[in-house]
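First comes the structure, then the notes that go with it.
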Amino acid sequence: MTDLLLELFSEEIPARMQKQASDDLKKMVTTGLVEAGLLFESAGVLVTPRRLCLSVVGLTDRSPNLKEERKGPRVDAPEKAIEGFLRGVGMSKDQLEIRNERKGKVYFALIEKPGRAAAEIIAEVVPSVVRNFPWPKSMRWGAGSLKWVRPLHSILCILYDTEGAELVPFEVGGILSVDTTQGHRFHAPVSFKVTSFDQYASELAKSYVVLDAAERAAIIWNDATNKAFALGLEVVEDKELLAEVAGLVEWPVVLVGDIAEDFLSLPSEVLRLSMKEHQKFFSVRDPKTDRIEKFVTVANRETVDNGMTILAGNEKVLFARLSDAKFFWENDLRVAKTGAGLWVEKLASVTFHNKLGSQAERIDRIVVLAKDIAPKLGLDSVVVEDAARFAKVDLSSEMVYEFPELQGVMGRYYAASAGKAVDVASAAQEHYSPLGPSDDVPSAPVSVTVALADKLDTLAGFWSIDEKPTGSKDPFALRRAALGVIRLVLENGLRLGISDVICRFYVDCAKRLENSKLLLSKDDGGAFSQSFEQAVAPSAHHDTHEWRSVRLSRPLASLNEPLIEKSFSEGAKISFRPSVSENLLSFFHDRLKVYLRNKGISHDVIDACLITPRNDDFTLLVKRVEALQAFVVSDDGTNLLQGFKRANNILTQAEERDGVEYSYGADMKFAEQDEERALFAALEVAERAIAPAIELEKFGEAMKAMAGLREPIDAFFEAVQINADSDTVRRNRLNLLSRIRSVMGQVADFNKIEG
Amino acid sequence: MSALVKAKPKSFQEIILRLQGYWADKGCAVMQPYDMEVGAGTFHPATTLRSLGSNSWAAAYVQPSRRPTDGRYAENPNRLQHYYQYQVLIKPSPPDLQALYLGSLEAIGIDLNLHDIRFVEDDWESPTLGAWGLGWEIWCDGMEVSQFTYFQQVGGHDCKPVSGELTYGLERLAMYVLGVNHVMDMPYNDPDASIALTYGDVFKQTEQEYSRWNFDVADTETLLKHFEDAEAECQRILDVPDEDPKTGKWIVMAHPAYDQCIKASHLFNLLDARGVISVTERQAYIGRVRALSKMCADAFVQTEAGGSAPESMPR
């Protein structure tokens with residue numbers, strides 16, 4: 001048993017790649033060793049900006065000897081065949097064994113593959129790992145052709161045990177393996193011999209290298225929090241930044257610096273972002289006031305002046321950075337205080353999308369949607385309009401131009417300084433949420449309204465210009481927007497018919513834009529009577545100014561307004577057709593399936609509910625889905641489902657064969673057996689209970705009523721022969737099965753449920 | 001303190017002189033700035049073209065660089081529409097290039113024992129040159145003082161061998177070393193000289209003049225026409241048969257063509273500063289310049305300096 005130590009020493013590895021690289025190194029080397037027949041007890045990896053290090057403990061000395069037996073031709077086979085076999089196994093005839101088989105004497109070759117020494121295997125595995133390493137981006141250097149993330153300088157590779165250590169000799173891309181390494185670039189750039197992992201680690205510690213990234217992160221965090229604590233302050237936690245900074249240094253030295261008084265009045269988000277993005281500084285705040293007052297920077301070395309020069313340099317750089325930020329902030333505040341009119345004007349000349357017009361046009365559309373949704377949340381449309389109009393003005397501000405990440409955050413500050421109400425200011429920030437599946441969903445009604453309006457405008461807009469996500473491509477983040485709508489609706493328990501909202505929106509857009517001339521005129525009867533098929537036929541010319549009036553159809557039948565297709569402005573157009581919103585609804589349903597799948601609801605249960613009425617009211621839909629999910633996994637549910645499927649299969653077959661639809665209603669007087677009569681009665685009871693329960697959205701009760709059908713259906717199939725001699729009785733029985741289908745169909749489409 | 005560290009330099013020009021001396025000592029050919037307007041030292045043919053082909057190369061030079069959109073009428077403490085880069089290109093990149101670079105910092109008075117030097121990931125890409133490389137930005141106490149790049153591709157050609165490129169932003173670096181807060185206050189020559197000049201004495205007025213011209217006065221019709229002329233001339237030069245009828249020699253005119261490519265690139269920058277290039281047009285212009293630089297690179301690699309053996313050339 002021996003231990004292996006491998007270190008790949010290079011120029012600085014980008015911080016963001018270090019973790020993955022160390023995992024890859026461990027996986028690739030250990031896999032290579034095991035595939036070659038070696039075994040080991042444990043393996044660990046460590047990484048610094050300049051080295052990837054792997055330690056394998058308890059490695060077997062050799063791979064095992066392997067024996068292989070190969071059957072050859074018969075002894076009396078043609079000489080050519082025997083020669084071929086000998087060539088294949090690399091043996092001579094006298095080395096072969098002859099065995100008596102059923103068909104005669106046959107040659108056998110017994111091949112022994114001797115095991116190989118660990119060093120020999122390592123010398124093959126490591127060069128191959130180096131050549132095939134999966135860096136996200138790699139490069140060549142000098143005159144060589146080897147690729148690595150940055151120039152690779154040396155490879156330390158030794159096998160060692162209690163007796164001593166020996167170099168594993170190999171060469172890759174002109175680099176010869178060695179048994180030496182060196183310390184910190186500035187503190188200890190001298191080469192030393194390595195004899196074991198423990199000696200390596202302790203020698204490096206003396207040479208100003210902390211090998212373990214987690215240990216470096218811990219040192220940074222502890223020193224930073226201790227130093228802040230001593231000043232009565234605390235470090236703002238930022239795990240992502242901590243990991244990055246730990247990947248930039250081999251010898252972390254924490255320094256606390258001052259932020260010049262001038263900048264302390266900047267919003268804390270601006271200070272934090274500016275310091276993090278540009279300088280990789282941690283923010284240090286006063287827990288009493290929440291104000292950011294100092295910063296922490298992490299140097300890669302100690303100095304005789306205890307970092308004073310380094311700190312002074314960093315403070316100076318920060319001063320320049322924050323001077324810029326302060327300049328933007330003050331300019332922005334001046335605009336905000338006058339009501340931000342300048343920004344609103346500017347948005348008219350900023351393109352949102354070349355087919356969807358300017359940002360100003362987009363905001364107008366969001367206002368329409370927000371005002372339409374407002375009553376559902378009991379909101380006054382004046383407040384909502386104010387919030388929707390202000391929500392995006394910060395996009396014109398200098399600060400957001402410099403730091404796009406601050407969109408919304410700045411909006412809130414600027415709304416406040418423009419004298420807007422608190423909920424209007426909050427909406428400026430919160431209307432972007434939720435950004436991802438785990439992001440918080442706003443609950444303040446104004447924020448919810450504007451957030452919905454923003455996302456629905458995006459979806460309806462891109463849908464109408466046929467920019468839909470395909471495969472992995474979703475450049476306008478429409479999936480995220482749809483999930484956002486779903487979460488906003490569900491997590492706030494909103495009752496909203498999304499199709500109606502989108503439809504009214506399309507119509508309203510058109511109305512506003514075209515002085516309502518031909519549109520909606522009652523004498524446009526011809527267009528109203530167009531068939532649905534004609535209406536949804538794709539228009540050949542998107543660029544014409546010709547009106548297309550169409551009648552809406554299911555599921556939008558509640559609306560009688562015609563839809564139109566019209567240019568928004570020069571070169572910007574949206575076509576409004578029912579197919580667009582139906583198609584968009586099924587996109588929402590797909591997102592809903594993903595969302596509910598993560599909550600343990602299977603897709604077929606959702607499918608079964610999708611054809612029910614008001615399927616664009618997600619809160620209602622999910623209530624139904626959850627009740628059905630609970631039912632289908634229950635004992636009654638599983639059995640009833642079997643009964644339903646059986647009834648449906650018999651019925652479908654009979655309908656196909658007979659060419660009729662058995663939906664005339666069964667008649668009790670043709671019932672011959674008790675089980676038939678009992679099913680009649682049970683269906684009566686169930687039907688009477690289900691309809692009102694669904695009407696009241698008490699889906700649990702509807703399921704309970706259905707559960708009552710299980711036994712009568714089971715008993716019916718047990719005792720009753722559908723294909724009776726009398727055709728009347730047979731048809732009556734099929735009609736009875738049809739009632740099972742229609743009664744249960746009130747709750748969901750059970751055909752869709754698998755199992 | 002290291003004995004190698006010299007006394008602090010006193011002026012902008014002293015920093016340049018020390019860099020020239022240092023890289024000359026390290027064996028680089030100290031070249032002069034290219035005599036055309038360029039956006040960065042990389043555009044100098046001593047970098048762009050010489051990074052192509054198999055011949056070894058080592059050059060260092062100052063290159064005035066123009067970025068019309070960065071003009072601030074001499075008011076911003078560190079933004080200029082005309083500034084200087086110090087450029088080093090060594091092919092193949094030597095294994096000790098990082099150490100050589102650190103030595104140059106010491107040469108200009110940065111004590112490596114007192115400062116925190118960091119190599120922070122920064123990949124370089126020039127869409128107009130069809131070039132990319134991997135490397136870092138070098139931080140000195142949190143301040144970016146240089147770019148360090150291993151060229152992988154230029155003009156669409158793989159760099160074999162790879163060149164190591166160092167680019168120092170001279171004003172910023174000098175301001176840091178000299179402890180100056182506003183670029184215009186920086187001593188240009190020795191502050192104790194009888195006629196002591198600041199950077200502002202030399203460049204304040206020109207910054208104002210060019211800022212105004214770049215942003216508001218340059219005639220866009222003319223610029224556009226010049227752009228198209230340069231583009232056409234570049235193409236025309238390369239379309240001429242390589243064999244010169246007068247001398248009977250094989251003369252590929254890669255450099256004259258590349259001059260036109262440089263011109264087109266700078267004209268594009270000027271048009272951009274005038275705000276007449278829309279977001280969608282922008283990509284198209286960049287693509288046109290890239291097409292020129294690719295053609296020039298294709299031509300250069302057929303020349304002797306570009307690594308083609310003379311005997312392999314048709315006569």
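How things are named: the first chain in the structure tokens is A, the next is B, and so on; residues count from 1 in each chain; ligands count from 1 in the order shown.
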
Residues of chain A within 7 Å of chain B, counting only C-alpha atoms, as an MDAnalysis selection string: chainID A and resid 12 14 139:143 279 299:301 303 309:310 313:314 317

Would you put the residues from that selection into a file with C-alpha atoms, as a CSV table (one decimal), in the first residue's frame?
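The resulting file, again37.csv, is shown below:
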chain,number,residue,atom,x,y,z
A,12,GLU,CA,-3.3,31.8,-11.9
A,14,PRO,CA,-9.6,31.8,-12.6
A,139,MET,CA,-5.3,27.8,-24.1
A,140,ARG,CA,-1.9,27.0,-25.6
A,141,TRP,CA,1.2,28.9,-24.7
A,142,GLY,CA,4.8,29.3,-26.0
A,143,ALA,CA,5.5,27.0,-28.8
A,279,GLN,CA,-13.1,45.8,-6.2
A,299,ALA,CA,-4.7,40.9,0.2
A,300,ASN,CA,-2.5,38.0,-0.9
A,301,ARG,CA,0.4,38.8,1.3
A,303,THR,CA,4.0,43.4,4.4
A,309,THR,CA,0.4,50.8,1.5
A,310,ILE,CA,-2.0,48.2,0.1
A,313,GLY,CA,-4.1,52.1,-2.6
A,314,ASN,CA,-7.4,50.3,-2.3
A,317,VAL,CA,-9.3,53.2,-6.1

Test item: residues at most 9 Å from Ile108 of chain B, only C-alpha atoms, excluding those fewer than 6 positions along its chain, as a PyMOL selection string: chain B and resi 5-9+14-16+18-19+174+177

Next, the residues of the selection above should be written as a short mmCIF file (atom, residue, chain, number, x, y, z; two decimals), in the first residue's frame with C-alpha atoms.
data_model
loop_
_atom_site.label_atom_id
_atom_site.label_comp_id
_atom_site.auth_asym_id
_atom_site.auth_seq_id
_atom_site.Cartn_x
_atom_site.Cartn_y
_atom_site.Cartn_z
CA VAL B 5 14.03 48.80 -6.55
CA LYS B 6 15.10 52.14 -7.82
CA ALA B 7 14.05 55.48 -6.43
CA LYS B 8 10.51 56.48 -7.35
CA PRO B 9 10.19 58.02 -10.80
CA GLU B 14 10.41 58.84 -16.68
CA ILE B 15 8.04 55.90 -16.29
CA ILE B 16 7.97 55.47 -20.06
CA ARG B 18 12.20 53.13 -17.55
CA LEU B 19 9.85 50.72 -19.30
CA ALA B 174 1.76 56.57 -13.81
CA VAL B 177 3.00 55.43 -9.07
#

Neighbour list for segment 720-735 of chain A as a PyMOL selection string, cut-off 9 Å, only C-alpha atoms, skip fewer than 4 positions in-chain: chain A and resi 647+650-651+654-655+661-668+670-673+675-676+715-716+739-740

Secondary structure check, alpha helix (DSSP H) residues of segment 10-44 of chain B, as an NGL selection string: :B and (12-25)

For the residues in the current selection, export C-alpha atoms as a PDB file, in the first residue's frame.
ATOM      1  CA  PHE B  12       5.181  60.462 -16.706  1.00  0.00           C
ATOM      2  CA  GLN B  13       8.021  60.403 -19.176  1.00  0.00           C
ATOM      3  CA  GLU B  14      10.407  58.842 -16.679  1.00  0.00           C
ATOM      4  CA  ILE B  15       8.043  55.900 -16.290  1.00  0.00           C
ATOM      5  CA  ILE B  16       7.973  55.465 -20.064  1.00  0.00           C
ATOM      6  CA  LEU B  17      11.766  55.729 -20.279  1.00  0.00           C
ATOM      7  CA  ARG B  18      12.204  53.134 -17.551  1.00  0.00           C
ATOM      8  CA  LEU B  19       9.845  50.719 -19.301  1.00  0.00           C
ATOM      9  CA  GLN B  20      11.739  51.239 -22.557  1.00  0.00           C
ATOM     10  CA  GLY B  21      15.029  50.567 -20.784  1.00  0.00           C
ATOM     11  CA  TYR B  22      13.708  47.538 -18.960  1.00  0.00           C
ATOM     12  CA  TRP B  23      12.286  45.791 -22.018  1.00  0.00           C
ATOM     13  CA  ALA B  24      15.306  46.724 -24.134  1.00  0.00           C
ATOM     14  CA  ASP B  25      17.426  45.004 -21.478  1.00  0.00           C
TER      15      ASP B  25
END

Those of segment 327-392 of chain A in DSSP strand (DSSP E or B), formatted as a ChimeraX atom specification: /A:351-353,357-358

Just the selected residues (N, CA, C and O atoms), exported as a PDB file, in the first residue's frame, please.
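Once everything was written out, this is result_29.pdb:
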ATOM      1  N   THR A 351     -35.601  51.844 -27.549  1.00  0.00           N
ATOM      2  CA  THR A 351     -36.335  50.712 -28.109  1.00  0.00           C
ATOM      3  C   THR A 351     -36.410  49.570 -27.104  1.00  0.00           C
ATOM      4  O   THR A 351     -35.403  49.188 -26.519  1.00  0.00           O
ATOM      5  N   PHE A 352     -37.625  49.060 -26.915  1.00  0.00           N
ATOM      6  CA  PHE A 352     -37.774  47.855 -26.087  1.00  0.00           C
ATOM      7  C   PHE A 352     -37.490  46.650 -26.968  1.00  0.00           C
ATOM      8  O   PHE A 352     -36.674  45.799 -26.659  1.00  0.00           O
ATOM      9  N   HIS A 353     -38.163  46.599 -28.103  1.00  0.00           N
ATOM     10  CA  HIS A 353     -37.921  45.558 -29.099  1.00  0.00           C
ATOM     11  C   HIS A 353     -38.398  46.142 -30.410  1.00  0.00           C
ATOM     12  O   HIS A 353     -39.419  46.819 -30.439  1.00  0.00           O
ATOM     13  N   GLY A 357     -42.016  48.174 -30.236  1.00  0.00           N
ATOM     14  CA  GLY A 357     -41.989  49.602 -29.957  1.00  0.00           C
ATOM     15  C   GLY A 357     -41.039  50.007 -28.852  1.00  0.00           C
ATOM     16  O   GLY A 357     -40.164  49.246 -28.430  1.00  0.00           O
ATOM     17  N   SER A 358     -41.222  51.224 -28.382  1.00  0.00           N
ATOM     18  CA  SER A 358     -40.306  51.818 -27.400  1.00  0.00           C
ATOM     19  C   SER A 358     -40.673  51.399 -25.980  1.00  0.00           C
ATOM     20  O   SER A 358     -41.735  50.817 -25.737  1.00  0.00           O
TER      21      SER A 358
END

Within 9 Å of Gln182 of chain A using only C-alpha atoms, minus same-chain residues under 6 positions, as a PyMOL selection string: chain A and resi 9+188-193+204+207

Please produce a file of the residues just selected, as a CSV table (one decimal), in the first residue's frame, where the atoms kept are C-alpha atoms.
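Ended up saving to part01.csv:
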chain,number,residue,atom,x,y,z
A,9,PHE,CA,1.3,23.9,-10.7
A,188,ALA,CA,8.5,31.9,-0.8
A,189,PRO,CA,9.3,31.4,-4.5
A,190,VAL,CA,11.9,28.7,-3.8
A,191,SER,CA,11.7,25.1,-4.8
A,192,PHE,CA,11.6,22.4,-2.1
A,193,LYS,CA,11.5,18.6,-2.3
A,204,LEU,CA,3.5,25.0,2.2
A,207,SER,CA,5.8,29.0,2.7

Shell around Arg66 of chain B at 10 Å using only C-alpha atoms, local window under 4 positions removed, as JSON, numbers by chain: {"B": [37, 38, 39, 40, 41, 70, 71, 80, 81, 82, 83, 84, 266, 269, 270]}

I need the chosen residues saved as a short mmCIF file (atom, residue, chain, number, x, y, z; two decimals), in the first residue's frame, with C-alpha atoms.
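Printed below is result.cif as written:
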data_model
loop_
_atom_site.label_atom_id
_atom_site.label_comp_id
_atom_site.auth_asym_id
_atom_site.auth_seq_id
_atom_site.Cartn_x
_atom_site.Cartn_y
_atom_site.Cartn_z
CA GLU B 37 -4.75 56.58 -35.49
CA VAL B 38 -5.54 53.37 -33.62
CA GLY B 39 -7.81 52.45 -30.69
CA ALA B 40 -5.20 50.40 -28.86
CA GLY B 41 -1.58 49.28 -29.02
CA ASP B 70 -14.10 58.41 -23.94
CA GLY B 71 -13.54 62.14 -24.47
CA LEU B 80 -9.24 60.66 -22.09
CA GLN B 81 -10.04 60.32 -25.77
CA HIS B 82 -6.30 60.20 -26.51
CA TYR B 83 -3.99 58.32 -24.18
CA TYR B 84 -0.92 56.11 -24.24
CA HIS B 266 -10.82 54.27 -36.44
CA ASN B 269 -15.00 54.62 -33.74
CA LEU B 270 -15.48 58.21 -34.83
#

Distance in Å - atom CA of Leu584 of chain A versus atom CA of Ser443 of chain A: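 Result for atom CA of Leu584 of chain A versus atom CA of Ser443 of chain A: 25.0 Å, one decimal.
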
Residues near Ala299 of chain B, cut-off 12 Å, only C-alpha atoms, skip fewer than 5 positions along chain, as a list in words: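 Selected residues are Leu49, Leu52, Gly53, Gly155, His157, Cys234, Gln235, Ile237, Leu238, Asp239, Val240, Pro241, Asp242, Ile251, Val252, Met253, Ala254, His255, Pro256, Ala257, Tyr258, Leu292, Ser293, Lys294, Glu304, Ala305, Gly306, Gly307 and Ser308 of chain B.
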
Writer output for current selection, C-alpha atoms, as a PDB file, in the first residue's frame:
ATOM      1  CA  LEU B  49       0.467  40.995 -37.899  1.00  0.00           C
ATOM      2  CA  LEU B  52       0.806  35.538 -36.856  1.00  0.00           C
ATOM      3  CA  GLY B  53       3.030  32.909 -38.380  1.00  0.00           C
ATOM      4  CA  GLY B 155      -7.561  37.550 -37.804  1.00  0.00           C
ATOM      5  CA  HIS B 157      -5.845  32.331 -37.597  1.00  0.00           C
ATOM      6  CA  CYS B 234      -8.120  47.413 -48.635  1.00  0.00           C
ATOM      7  CA  GLN B 235      -9.974  44.957 -50.797  1.00  0.00           C
ATOM      8  CA  ILE B 237      -4.918  46.149 -52.705  1.00  0.00           C
ATOM      9  CA  LEU B 238      -5.348  42.486 -51.886  1.00  0.00           C
ATOM     10  CA  ASP B 239      -7.061  41.763 -55.193  1.00  0.00           C
ATOM     11  CA  VAL B 240      -4.036  42.959 -57.170  1.00  0.00           C
ATOM     12  CA  PRO B 241      -2.005  39.983 -58.453  1.00  0.00           C
ATOM     13  CA  ASP B 242       0.854  39.150 -56.071  1.00  0.00           C
ATOM     14  CA  ILE B 251       5.075  41.123 -53.336  1.00  0.00           C
ATOM     15  CA  VAL B 252       1.982  40.540 -51.225  1.00  0.00           C
ATOM     16  CA  MET B 253       0.943  43.975 -49.948  1.00  0.00           C
ATOM     17  CA  ALA B 254      -0.297  42.896 -46.520  1.00  0.00           C
ATOM     18  CA  HIS B 255       0.834  46.032 -44.677  1.00  0.00           C
ATOM     19  CA  PRO B 256      -0.614  48.645 -47.042  1.00  0.00           C
ATOM     20  CA  ALA B 257      -3.885  46.732 -46.964  1.00  0.00           C
ATOM     21  CA  TYR B 258      -3.757  46.525 -43.179  1.00  0.00           C
ATOM     22  CA  LEU B 292     -10.849  43.346 -43.581  1.00  0.00           C
ATOM     23  CA  SER B 293      -8.575  42.254 -40.754  1.00  0.00           C
ATOM     24  CA  LYS B 294      -9.134  38.632 -41.722  1.00  0.00           C
ATOM     25  CA  GLU B 304       8.101  35.792 -45.365  1.00  0.00           C
ATOM     26  CA  ALA B 305       7.523  37.788 -42.179  1.00  0.00           C
ATOM     27  CA  GLY B 306       4.329  35.829 -41.792  1.00  0.00           C
ATOM     28  CA  GLY B 307       6.255  32.579 -41.691  1.00  0.00           C
ATOM     29  CA  SER B 308       6.041  31.354 -45.272  1.00  0.00           C
TER      30      SER B 308
END
